[in-house]
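Structure file run35.cif (mmCIF, C-alpha atoms and all ligand atoms) is printed below.
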```
data_final
loop_
_atom_site.label_atom_id
_atom_site.label_comp_id
_atom_site.auth_asym_id
_atom_site.auth_seq_id
_atom_site.Cartn_x
_atom_site.Cartn_y
_atom_site.Cartn_z
CA MET A 1 21.65 -3.47 2.32
CA ALA A 2 24.59 -4.66 0.24
CA ARG A 3 25.92 -8.06 1.20
CA THR A 4 28.78 -7.81 3.70
CA TYR A 5 30.30 -11.12 2.72
CA LYS A 6 31.51 -12.32 -0.65
CA HIS A 7 29.78 -15.68 -0.42
CA MET A 8 26.13 -16.41 0.25
CA ALA A 9 27.04 -19.35 2.50
CA THR A 10 28.53 -16.81 4.94
CA SER A 11 25.79 -14.21 4.48
CA VAL A 12 22.99 -16.62 5.39
CA ILE A 13 24.66 -17.17 8.76
CA HIS A 14 25.98 -13.72 9.70
CA GLU A 15 24.19 -10.83 7.95
CA GLY A 16 22.30 -8.45 10.20
CA TYR A 17 23.49 -9.87 13.51
CA ASP A 18 26.43 -9.14 15.79
CA SER A 19 26.62 -11.21 18.98
CA LYS A 20 28.67 -8.45 20.63
CA ASN A 21 25.53 -6.33 20.82
CA MET A 22 23.51 -9.19 22.35
CA LEU A 23 25.46 -10.24 25.46
CA GLY A 24 27.48 -12.66 23.32
CA SER A 25 24.50 -14.82 22.41
CA LEU A 26 25.64 -16.93 19.43
CA THR A 27 22.14 -17.26 18.04
CA THR A 28 19.78 -14.33 17.58
CA PRO A 29 17.79 -13.93 20.81
CA LEU A 30 14.04 -14.47 20.58
CA PHE A 31 12.32 -11.26 21.71
CA GLN A 32 8.99 -12.82 22.52
CA THR A 33 7.34 -9.60 23.59
CA SER A 34 4.33 -7.70 22.34
CA THR A 35 5.34 -4.27 23.62
CA TYR A 36 8.29 -2.18 24.86
CA THR A 37 8.44 0.03 27.91
CA PHE A 38 9.26 3.73 27.73
CA ASN A 39 11.42 5.30 30.44
CA THR A 40 9.28 8.43 30.42
CA ALA A 41 6.09 9.70 28.83
CA GLU A 42 8.23 12.13 26.80
CA GLN A 43 10.26 9.24 25.43
CA GLY A 44 7.02 7.55 24.31
CA GLU A 45 5.99 10.77 22.60
CA ARG A 46 9.36 11.05 20.81
CA ARG A 47 9.19 7.43 19.61
CA PHE A 48 5.68 7.89 18.20
CA ALA A 49 6.77 11.13 16.55
CA GLY A 50 9.70 9.31 14.92
CA GLU A 51 12.17 11.62 16.67
CA GLU A 52 13.89 8.83 18.56
CA GLU A 53 14.90 5.37 17.35
CA GLY A 54 13.52 2.48 19.34
CA TYR A 55 10.85 -0.17 19.49
CA ILE A 56 7.25 0.71 20.42
CA TYR A 57 4.99 -2.30 19.87
CA SER A 58 5.71 -5.58 18.06
CA ARG A 59 3.26 -4.96 15.22
CA LEU A 60 5.48 -1.96 14.38
CA GLY A 61 8.79 -3.77 14.83
CA ASN A 62 10.63 -6.39 16.90
CA PRO A 63 14.40 -6.94 17.27
CA THR A 64 14.30 -10.60 16.20
CA VAL A 65 12.24 -9.65 13.15
CA THR A 66 14.67 -6.80 12.38
CA VAL A 67 17.58 -9.25 12.11
CA LEU A 68 15.57 -11.40 9.70
CA GLU A 69 14.64 -8.35 7.61
CA GLU A 70 18.26 -7.22 7.41
CA ARG A 71 19.41 -10.70 6.50
CA ILE A 72 16.94 -11.20 3.66
CA ALA A 73 17.69 -7.69 2.33
CA ALA A 74 21.37 -8.61 2.16
CA LEU A 75 20.69 -11.99 0.53
CA GLU A 76 18.57 -10.37 -2.17
CA ASN A 77 20.88 -7.36 -2.53
CA GLY A 78 18.03 -4.96 -1.78
CA GLU A 79 17.95 -1.85 0.39
CA ARG A 80 15.37 -3.09 2.87
CA GLY A 81 13.56 -6.28 3.88
CA LEU A 82 10.12 -6.65 5.44
CA ALA A 83 8.69 -9.75 7.11
CA PHE A 84 5.05 -10.89 6.99
CA GLY A 85 2.85 -13.53 8.60
CA SER A 86 2.54 -15.46 5.33
CA GLY A 87 3.66 -15.38 1.73
CA MET A 88 0.17 -14.18 0.80
CA ALA A 89 0.44 -11.30 3.33
CA ALA A 90 3.65 -10.24 1.54
CA VAL A 91 2.12 -10.62 -1.94
CA SER A 92 -1.06 -8.75 -1.01
CA ALA A 93 0.83 -5.95 0.76
CA MET A 94 2.97 -5.38 -2.35
CA LEU A 95 0.00 -5.41 -4.72
CA PHE A 96 -2.11 -3.13 -2.53
CA ALA A 97 0.83 -0.77 -2.04
CA LEU A 98 1.49 -0.47 -5.78
CA THR A 99 -2.08 -0.12 -7.06
CA LYS A 100 -5.21 1.96 -6.62
CA ALA A 101 -8.76 1.46 -7.88
CA ASN A 102 -9.07 1.05 -11.68
CA ASP A 103 -5.38 0.20 -12.21
CA HIS A 104 -4.11 -2.81 -14.13
CA ILE A 105 -1.61 -5.54 -13.16
CA LEU A 106 0.23 -7.49 -15.86
CA CYS A 107 1.15 -11.02 -14.81
CA SER A 108 3.39 -13.85 -15.91
CA PRO A 109 1.55 -16.66 -17.73
CA GLY A 110 0.93 -18.59 -14.52
CA LEU A 111 0.58 -17.80 -10.83
CA TYR A 112 0.14 -19.59 -7.53
CA GLY A 113 -3.60 -20.31 -7.03
CA CYS A 114 -4.11 -17.95 -4.07
CA THR A 115 -2.34 -15.12 -5.89
CA PHE A 116 -4.82 -15.68 -8.70
CA GLY A 117 -7.59 -15.62 -6.06
CA LEU A 118 -6.28 -12.34 -4.61
CA LEU A 119 -6.18 -10.71 -8.07
CA THR A 120 -9.74 -11.87 -8.73
CA MET A 121 -10.84 -10.30 -5.44
CA MET A 122 -9.02 -7.04 -6.25
CA LYS A 123 -10.80 -6.96 -9.60
CA GLU A 124 -14.24 -7.56 -8.07
CA LYS A 125 -13.83 -5.08 -5.21
CA TYR A 126 -11.64 -2.32 -6.66
CA ASN A 127 -11.82 -2.82 -10.43
CA ILE A 128 -8.08 -3.46 -10.50
CA SER A 129 -7.88 -5.59 -13.62
CA PHE A 130 -5.21 -8.16 -14.42
CA ASP A 131 -4.18 -10.19 -17.38
CA PHE A 132 -1.36 -12.35 -18.59
CA SER A 133 1.58 -11.88 -20.88
CA THR A 134 3.67 -14.76 -22.16
CA MET A 135 6.69 -12.49 -21.55
CA VAL A 136 8.53 -14.40 -24.25
CA THR A 137 9.42 -11.41 -26.44
CA GLU A 138 9.84 -7.69 -25.81
CA ASP A 139 7.26 -6.93 -28.52
CA GLU A 140 4.58 -9.07 -26.91
CA LEU A 141 5.28 -7.52 -23.51
CA HIS A 142 5.09 -3.98 -24.96
CA SER A 143 1.74 -4.85 -26.55
CA LYS A 144 0.27 -5.92 -23.18
CA ILE A 145 1.20 -2.79 -21.24
CA LYS A 146 -1.67 -0.32 -20.85
CA SER A 147 -1.76 3.25 -19.61
CA GLU A 148 -3.34 1.92 -16.37
CA THR A 149 -0.66 -0.76 -15.82
CA ALA A 150 0.63 -0.06 -12.32
CA CYS A 151 2.86 -3.07 -11.86
CA ILE A 152 4.19 -6.20 -13.50
CA TYR A 153 3.96 -9.30 -11.34
CA VAL A 154 6.13 -12.28 -12.21
CA GLU A 155 6.66 -15.77 -10.88
CA THR A 156 9.73 -17.59 -12.16
CA PRO A 157 9.89 -20.57 -12.07
CA ILE A 158 6.11 -20.49 -12.35
CA ASN A 159 4.11 -22.59 -9.90
CA PRO A 160 3.46 -25.38 -10.98
CA THR A 161 4.33 -25.37 -14.70
CA MET A 162 8.03 -24.55 -14.23
CA LYS A 163 8.04 -22.06 -17.10
CA LEU A 164 10.73 -19.40 -16.70
CA ILE A 165 10.57 -15.66 -17.37
CA ASP A 166 13.58 -13.65 -18.55
CA LEU A 167 13.76 -11.12 -15.71
CA GLU A 168 16.37 -8.90 -17.33
CA MET A 169 14.17 -8.53 -20.40
CA VAL A 170 11.03 -7.77 -18.37
CA ALA A 171 12.88 -5.24 -16.19
CA LYS A 172 14.29 -3.50 -19.28
CA VAL A 173 10.86 -3.11 -20.91
CA ALA A 174 9.18 -2.05 -17.64
CA LYS A 175 11.80 0.67 -17.10
CA GLU A 176 10.78 2.30 -20.37
CA TYR A 177 7.35 2.93 -18.79
CA GLY A 178 8.53 3.43 -15.20
CA ILE A 179 6.45 0.44 -14.09
CA PRO A 180 7.76 -1.53 -11.08
CA VAL A 181 8.41 -5.25 -11.49
CA VAL A 182 7.56 -7.51 -8.54
CA VAL A 183 9.07 -10.99 -8.63
CA ASP A 184 7.86 -13.92 -6.58
CA ASN A 185 11.18 -15.70 -5.99
CA THR A 186 9.73 -18.51 -3.86
CA PHE A 187 10.60 -21.43 -6.14
CA ALA A 188 14.22 -20.39 -6.70
CA SER A 189 15.01 -19.04 -3.21
CA PRO A 190 17.63 -16.30 -2.80
CA TYR A 191 20.35 -18.91 -3.21
CA LEU A 192 19.50 -19.68 -6.84
CA GLN A 193 18.20 -16.37 -8.22
CA ASN A 194 18.39 -12.68 -7.27
CA PRO A 195 15.86 -10.62 -9.26
CA ILE A 196 17.04 -7.22 -7.95
CA ASP A 197 20.48 -7.89 -9.46
CA LEU A 198 18.66 -8.37 -12.79
CA GLY A 199 16.98 -4.95 -12.60
CA CYS A 200 13.67 -5.87 -10.93
CA ASP A 201 12.26 -3.68 -8.18
CA VAL A 202 10.66 -5.88 -5.52
CA VAL A 203 11.15 -9.50 -4.50
CA VAL A 204 8.60 -11.49 -2.50
CA HIS A 205 8.98 -14.91 -0.95
CA SER A 206 6.73 -17.40 0.63
CA ALA A 207 9.31 -18.01 3.39
CA THR A 208 7.18 -21.02 4.29
CA LYS A 209 9.12 -22.89 1.59
CA TYR A 210 12.92 -23.07 1.09
CA ILE A 211 13.75 -20.19 3.46
CA GLY A 212 12.14 -21.93 6.45
CA GLY A 213 12.91 -25.30 4.92
CA HIS A 214 11.50 -27.50 7.65
CA GLY A 215 7.73 -27.41 7.16
CA ASP A 216 7.05 -25.70 10.49
CA VAL A 217 6.45 -22.02 9.67
CA ILE A 218 4.06 -19.98 7.53
CA ALA A 219 5.72 -16.66 6.69
CA GLY A 220 6.48 -14.17 3.94
CA LEU A 221 9.25 -11.72 3.07
CA ALA A 222 9.63 -8.76 0.74
CA VAL A 223 12.75 -6.88 -0.35
CA GLY A 224 13.02 -3.64 -2.28
CA LYS A 225 13.90 0.03 -2.08
CA LYS A 226 14.04 1.47 1.43
CA GLU A 227 11.68 4.34 0.72
CA PHE A 228 9.04 2.00 -0.71
CA LEU A 229 9.22 -0.60 2.06
CA ASP A 230 9.47 2.02 4.83
CA ASN A 231 6.14 3.23 3.52
CA VAL A 232 4.64 -0.28 3.37
CA ALA A 233 5.84 -0.88 6.95
CA VAL A 234 3.83 2.04 8.31
CA THR A 235 0.76 1.54 6.10
CA THR A 236 -0.13 -1.87 4.67
CA LEU A 237 1.87 -3.84 7.22
CA LYS A 238 1.11 -1.78 10.32
CA ASP A 239 -2.53 -1.06 9.63
CA ILE A 240 -3.66 -4.24 7.86
CA GLY A 241 -1.46 -6.06 10.33
CA GLY A 242 -0.21 -9.22 8.61
CA ILE A 243 2.95 -9.37 10.71
CA ILE A 244 5.20 -12.32 11.46
CA SER A 245 5.48 -13.61 15.04
CA PRO A 246 8.92 -13.24 16.66
CA PHE A 247 9.18 -17.00 17.10
CA ASP A 248 8.52 -17.62 13.41
CA ALA A 249 11.17 -15.02 12.54
CA TRP A 250 13.55 -16.89 14.83
CA LEU A 251 12.76 -20.19 13.09
CA LEU A 252 13.40 -18.59 9.69
CA LEU A 253 16.78 -17.28 10.87
CA ARG A 254 17.63 -20.82 11.92
CA GLY A 255 16.41 -22.27 8.62
CA LEU A 256 18.30 -19.70 6.54
CA LYS A 257 21.66 -20.77 7.95
CA THR A 258 21.48 -24.02 5.97
CA LEU A 259 19.77 -22.64 2.84
CA PRO A 260 22.75 -23.17 0.47
CA VAL A 261 23.49 -26.64 1.86
CA ARG A 262 19.86 -27.70 1.63
CA VAL A 263 19.15 -26.19 -1.77
CA ASP A 264 22.25 -27.77 -3.30
CA ARG A 265 21.06 -31.14 -2.01
CA HIS A 266 17.51 -30.48 -3.29
CA CYS A 267 19.05 -29.72 -6.70
CA ASP A 268 21.31 -32.81 -6.66
CA ASN A 269 18.34 -35.02 -5.82
CA ALA A 270 16.05 -33.34 -8.36
CA GLU A 271 18.62 -33.86 -11.13
CA GLU A 272 18.72 -37.60 -10.38
CA ILE A 273 14.93 -37.92 -10.20
CA PHE A 274 14.38 -35.82 -13.32
CA LYS A 275 16.61 -38.09 -15.45
CA ARG A 276 14.67 -41.16 -14.35
CA LEU A 277 11.20 -39.62 -14.73
CA LYS A 278 12.10 -38.66 -18.29
CA THR A 279 12.58 -42.26 -19.33
CA HIS A 280 9.69 -43.85 -17.41
CA PRO A 281 7.12 -45.28 -19.85
CA ASN A 282 4.13 -43.97 -17.86
CA VAL A 283 5.42 -40.38 -17.82
CA ALA A 284 4.43 -38.23 -20.79
CA THR A 285 6.33 -34.97 -20.16
CA VAL A 286 8.71 -33.67 -17.50
CA TYR A 287 9.15 -29.98 -16.72
CA TYR A 288 12.47 -29.18 -15.01
CA PRO A 289 14.44 -25.99 -15.72
CA ASN A 290 17.85 -27.67 -15.78
CA ASP A 291 16.93 -29.75 -18.81
CA ASP A 292 18.56 -28.77 -22.08
CA ALA A 293 15.30 -29.75 -23.80
CA HIS A 294 13.24 -27.31 -21.63
CA PRO A 295 12.10 -24.38 -23.81
CA ASP A 296 13.41 -21.92 -21.20
CA TYR A 297 16.72 -23.67 -20.55
CA HIS A 298 18.64 -20.62 -21.87
CA ILE A 299 16.86 -18.45 -19.27
CA MET A 300 17.77 -20.84 -16.47
CA LYS A 301 21.43 -20.71 -17.61
CA LYS A 302 21.31 -16.93 -17.62
CA GLN A 303 19.58 -16.16 -14.33
CA MET A 304 19.53 -19.21 -12.04
CA ARG A 305 22.52 -20.84 -10.39
CA ARG A 306 20.90 -24.31 -10.65
CA GLY A 307 17.55 -25.83 -11.62
CA GLY A 308 16.00 -26.01 -8.15
CA GLY A 309 14.17 -28.74 -6.30
CA ILE A 310 10.77 -28.78 -7.99
CA ILE A 311 9.86 -31.01 -10.91
CA SER A 312 6.45 -31.14 -12.56
CA PHE A 313 5.44 -33.96 -14.85
CA GLU A 314 2.46 -35.28 -16.71
CA ILE A 315 1.61 -38.90 -16.42
CA LYS A 316 0.12 -40.81 -19.31
CA GLY A 317 -3.52 -41.34 -18.46
CA THR A 318 -6.36 -39.45 -16.85
CA LYS A 319 -7.09 -37.59 -13.64
CA VAL A 320 -8.04 -40.96 -12.12
CA ASP A 321 -4.61 -42.35 -13.02
CA ALA A 322 -2.92 -39.27 -11.54
CA GLN A 323 -4.82 -39.76 -8.28
CA LYS A 324 -4.12 -43.49 -8.29
CA PHE A 325 -0.41 -42.78 -8.72
CA LEU A 326 -0.46 -40.51 -5.65
CA ASN A 327 -2.41 -43.08 -3.64
CA GLU A 328 0.11 -45.80 -4.50
CA LEU A 329 3.04 -43.90 -2.97
CA SER A 330 4.42 -45.55 0.09
CA PHE A 331 6.46 -43.07 2.19
CA LEU A 332 6.39 -39.98 -0.01
CA LYS A 333 3.79 -37.55 1.30
CA ILE A 334 0.79 -36.23 -0.59
CA ALA A 335 0.77 -32.60 0.53
CA VAL A 336 0.80 -29.05 -0.78
CA SER A 337 3.70 -26.75 0.13
CA LEU A 338 7.25 -27.34 -1.03
CA GLY A 339 10.89 -26.84 -0.12
CA ASP A 340 10.81 -29.06 2.94
CA ALA A 341 13.14 -31.87 3.99
CA GLU A 342 10.32 -34.29 3.20
CA THR A 343 9.49 -34.95 -0.45
CA LEU A 344 5.99 -33.54 -1.05
CA ILE A 345 3.82 -34.38 -4.02
CA GLU A 346 0.50 -32.90 -5.12
CA HIS A 347 -2.07 -32.62 -7.91
CA PRO A 348 -2.20 -28.89 -8.81
CA ALA A 349 -5.48 -29.04 -10.79
CA THR A 350 -7.43 -30.17 -7.72
CA MET A 351 -5.24 -28.75 -4.94
CA THR A 352 -2.98 -25.64 -5.14
CA HIS A 353 -4.66 -24.37 -8.30
CA ALA A 354 -8.21 -25.65 -7.69
CA VAL A 355 -9.50 -22.05 -7.45
CA VAL A 356 -8.24 -21.19 -10.93
CA PRO A 357 -11.10 -21.40 -13.48
CA ASP A 358 -10.74 -24.09 -16.18
CA GLU A 359 -10.08 -21.59 -18.96
CA SER A 360 -7.15 -20.04 -17.07
CA LYS A 361 -5.85 -23.48 -16.06
CA GLN A 362 -5.78 -24.37 -19.72
CA TYR A 363 -3.94 -21.14 -20.58
CA MET A 364 -1.38 -21.78 -17.84
CA GLY A 365 -0.90 -25.43 -18.81
CA ILE A 366 -2.34 -27.03 -15.68
CA THR A 367 -3.81 -30.32 -16.87
CA ASP A 368 -5.49 -33.13 -14.96
CA GLN A 369 -2.41 -35.27 -15.61
CA LEU A 370 0.01 -32.79 -14.07
CA ILE A 371 1.81 -33.75 -10.86
CA ARG A 372 4.06 -31.40 -8.88
CA LEU A 373 6.95 -32.94 -7.00
CA SER A 374 8.96 -31.06 -4.38
CA VAL A 375 12.05 -33.22 -4.14
CA GLY A 376 13.12 -33.49 -0.51
CA LEU A 377 16.39 -34.19 1.22
CA GLU A 378 15.99 -37.96 1.57
CA ALA A 379 18.32 -40.27 -0.39
CA TRP A 380 17.33 -39.88 -4.04
CA GLN A 381 17.48 -43.66 -4.45
CA ASP A 382 14.66 -44.07 -1.90
CA ILE A 383 12.65 -41.22 -3.45
CA TRP A 384 12.99 -42.77 -6.90
CA ALA A 385 12.17 -46.29 -5.70
CA ASP A 386 8.86 -45.04 -4.28
CA LEU A 387 7.98 -42.96 -7.36
CA GLU A 388 8.88 -45.80 -9.70
CA GLN A 389 6.83 -48.46 -7.94
CA ALA A 390 3.79 -46.12 -7.89
CA LEU A 391 4.24 -45.16 -11.55
CA ASN A 392 4.46 -48.83 -12.48
CA LYS A 393 1.03 -49.39 -10.92
CA ILE A 394 -0.89 -46.92 -13.05
CA ASN A 395 -3.31 -48.93 -15.17
CA VAL A 396 -3.11 -46.97 -18.34
CA SER A 397 -6.12 -47.79 -20.48
CA SER A 398 -5.62 -47.81 -24.24
CA ASP A 399 -8.25 -45.05 -24.44
CA ALA A 400 -6.23 -42.83 -22.11
CA TYR A 401 -3.03 -43.55 -24.03
CA SER A 402 -4.62 -42.44 -27.27
CA LYS A 403 -5.68 -39.15 -25.64
CA ALA A 404 -2.25 -38.46 -24.15
N1 LIG A 501 3.90 -17.53 -3.83
C1 LIG A 501 4.13 -18.78 -4.28
C2 LIG A 501 4.90 -18.97 -5.56
C3 LIG A 501 3.65 -19.87 -3.57
O1 LIG A 501 3.90 -21.09 -4.04
C4 LIG A 501 2.91 -19.65 -2.38
C5 LIG A 501 2.35 -20.78 -1.60
C6 LIG A 501 2.69 -18.33 -1.95
C7 LIG A 501 3.21 -17.29 -2.70
C8 LIG A 501 1.93 -18.03 -0.70
O2 LIG A 501 2.70 -18.33 0.41
P1 LIG A 501 2.10 -18.73 1.85
O3 LIG A 501 1.11 -17.69 2.21
O4 LIG A 501 1.48 -20.07 1.72
O5 LIG A 501 3.32 -18.70 2.71
N2 LIG A 501 2.36 -21.97 -2.28
C9 LIG A 501 1.88 -23.11 -1.89
C10 LIG A 501 1.91 -24.25 -2.70
O6 LIG A 501 2.31 -24.31 -3.85
N3 LIG A 501 1.45 -25.26 -2.01
O7 LIG A 501 0.98 -24.88 -0.77
C11 LIG A 501 1.23 -23.47 -0.62
#
```

Rewrite the coordinates I just gave you, this time as structure tokens.
Amino acid sequence: MARTYKHMATSVIHEGYDSKNMLGSLTTPLFQTSTYTFNTAEQGERRFAGEEEGYIYSRLGNPTVTVLEERIAALENGERGLAFGSGMAAVSAMLFALTKANDHILCSPGLYGCTFGLLTMMKEKYNISFDFSTMVTEDELHSKIKSETACIYVETPINPTMKLIDLEMVAKVAKEYGIPVVVDNTFASPYLQNPIDLGCDVVVHSATKYIGGHGDVIAGLAVGKKEFLDNVAVTTLKDIGGIISPFDAWLLLRGLKTLPVRVDRHCDNAEEIFKRLKTHPNVATVYYPNDDAHPDYHIMKKQMRRGGGIISFEIKGTKVDAQKFLNELSFLKIAVSLGDAETLIEHPATMTHAVVPDESKQYMGITDQLIRLSVGLEAWQDIWADLEQALNKINVSSDAYSKA
């Protein structure tokens, strides 16, 4: 679905919904129903045979969910959207749809912990192997593609290291082999980055994050070609059944309306916090895409509208110091998830990426000193005051300093 409106701020509010068709209801009605009645037995037969348009049963489709799917398709400039009960349901549906036993998946040099867990499970059960590419040069990417490579799976920015992948470059190389590129666009949100516009094939989101934006929904979305997602809808989604509830779809439609306003504020706040973290004596390294010293800054300039709301940083010290820093925070919340109004802060090595084996953590750059900060919508001055007072309390031993 091509975007109807020139500006995303209008699209997030209006795409996929016309109040004239819904008794003038300004907001999308919540169709909280599990099934739909047929006027006649013959009508039921026609609907099941696909000869007549219409809803059958909410695992197969629901009008509130349809509006959400049309809206996300428009925001990502894809032909079709599909909603899921979690980000992982969306990720797993895409990977199962694109692979068969003995295939290979090539991944960006870092992935969300549960995506890593899913790939490990696919390897153990179906011998679908996976490995990583730095995706820094075309040559390196070419060298990692095998005859069994069935898809390329990319996070950018990568959770939690904030490395970026040049999507145009990856899409160009993949096209030479006819391999689809799936991009997890969770960290950027559709407001900051649109992978399909850069030549990629499928976009997935943990809608739990910026799209919902309020910490009250677990959901996932996928966007891609109509033929591909029509097929996923009647196979992986219908028969494995990881569907979204109509109420959660309704909450996402509400959250989406303020996506540009919220994400701009997240970015404004993150820029202020980033500058201050960079000069704090107890912080060793800061990873934020909109930093001209970030190794992937040129990629951020090319493919993202702004740097986003997530900052990762390494404190000087040990795991104990990292945990002490978190414990010293006053109102900022220690929690996984991200993209909420509340600032959330976590320790990836022992939380979101705890399932990743040490060797892979090391490859990805997830150290015991690494902290991930999802900058919220509070006043940045209050966020910084809390971070600063907690950072000041880390007792950095001389031993730890020498290791850092
Ligand atoms: N993709 C990315 C990049 C994610 O960060 C997450 C969740 C998912 C997919 C899965 O989405 P879910 O099923 O949770 O909706 N990331 C989390 C995180 O970093 N902290 O808590 C969850």

Would you kindly return, as a ChimeraX atom specification, each protein, DNA or RNA residue with an atom no farther than 9 Å from any atom of Tyr57 in chain A, considering only C-alpha atoms and excluding same-chain residues fewer than 2 positions away? /A:33-36,55,59-62

Which is closest to Gly117 in chain A among A:Thr66, A:Ala354, A:Leu373, A:Gln303, if we use all atoms listed in the file?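 Nearest to Gly117 in chain A: A:Ala354.
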
Neighbours of ligand LIG 501 (chain A) at 9 Å or closer, counting only C-alpha atoms and all ligand atoms: which residues, as a short mmCIF file (atom, residue, chain, number, x, y, z; two decimals) with C-alpha atoms, in the coordinates of the input?
```cif
data_model
loop_
_atom_site.label_atom_id
_atom_site.label_comp_id
_atom_site.auth_asym_id
_atom_site.auth_seq_id
_atom_site.Cartn_x
_atom_site.Cartn_y
_atom_site.Cartn_z
CA GLY A 85 2.85 -13.53 8.60
CA SER A 86 2.54 -15.46 5.33
CA GLY A 87 3.66 -15.38 1.73
CA MET A 88 0.17 -14.18 0.80
CA ALA A 89 0.44 -11.30 3.33
CA ALA A 90 3.65 -10.24 1.54
CA VAL A 91 2.12 -10.62 -1.94
CA LEU A 111 0.58 -17.80 -10.83
CA TYR A 112 0.14 -19.59 -7.53
CA GLY A 113 -3.60 -20.31 -7.03
CA CYS A 114 -4.11 -17.95 -4.07
CA THR A 115 -2.34 -15.12 -5.89
CA GLU A 155 6.66 -15.77 -10.88
CA THR A 156 9.73 -17.59 -12.16
CA PRO A 157 9.89 -20.57 -12.07
CA ILE A 158 6.11 -20.49 -12.35
CA ASN A 159 4.11 -22.59 -9.90
CA PRO A 160 3.46 -25.38 -10.98
CA ASP A 184 7.86 -13.92 -6.58
CA ASN A 185 11.18 -15.70 -5.99
CA THR A 186 9.73 -18.51 -3.86
CA PHE A 187 10.60 -21.43 -6.14
CA VAL A 204 8.60 -11.49 -2.50
CA HIS A 205 8.98 -14.91 -0.95
CA SER A 206 6.73 -17.40 0.63
CA ALA A 207 9.31 -18.01 3.39
CA THR A 208 7.18 -21.02 4.29
CA LYS A 209 9.12 -22.89 1.59
CA VAL A 217 6.45 -22.02 9.67
CA ILE A 218 4.06 -19.98 7.53
CA ALA A 219 5.72 -16.66 6.69
CA GLY A 220 6.48 -14.17 3.94
CA ALA A 335 0.77 -32.60 0.53
CA VAL A 336 0.80 -29.05 -0.78
CA SER A 337 3.70 -26.75 0.13
CA LEU A 338 7.25 -27.34 -1.03
CA GLU A 346 0.50 -32.90 -5.12
CA PRO A 348 -2.20 -28.89 -8.81
CA MET A 351 -5.24 -28.75 -4.94
CA THR A 352 -2.98 -25.64 -5.14
CA HIS A 353 -4.66 -24.37 -8.30
CA ARG A 372 4.06 -31.40 -8.88
#
```

Compile a residue-level contact table for range 173-231 of chain A against range 133-148 of chain A at a cut-off of 9 Å, reporting for every qualifying residue the shortest atom pair and its distance in Å to one decimal, with all atoms listed in the file counted, rows ordered by chain and ascending number, as a Markdown table.
```
| residue | atom | partner | partner_atom | distance |
| --- | --- | --- | --- | --- |
| A:Val173 | CA | A:Glu138 | CA | 6.8 |
| A:Ala174 | CA | A:His142 | CA | 8.6 |
| A:Tyr177 | CA | A:Ile145 | CA | 8.7 |
```

Which protein, DNA or RNA residues have an atom at most 12 Å from (22.1, -31.5, -9.9), counting only C-alpha atoms? List them as number ranges by chain. A: 263-275, 288-291, 305-310, 375, 380

Need to verify the contact set: Glu227 in chain A, 9 Å, all atoms listed in the file, exclusion of same-chain residues closer than 4 positions in sequence. Can you return it as a list in words? Glu79, Arg80, Asn231 and Val232 of chain A

The distance between CA of Leu252 in chain A and CA of Leu377 in chain A is 18.0 Å

Computed interatomic separation between CA of Gly242 in chain A and CA of Ala83 in chain A (Å):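 Rounded to one decimal, the two atoms are 9.0 Å apart.
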
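You will find CA of Ile299 in chain A at 18.6 Å from CA of Met364 in chain A.
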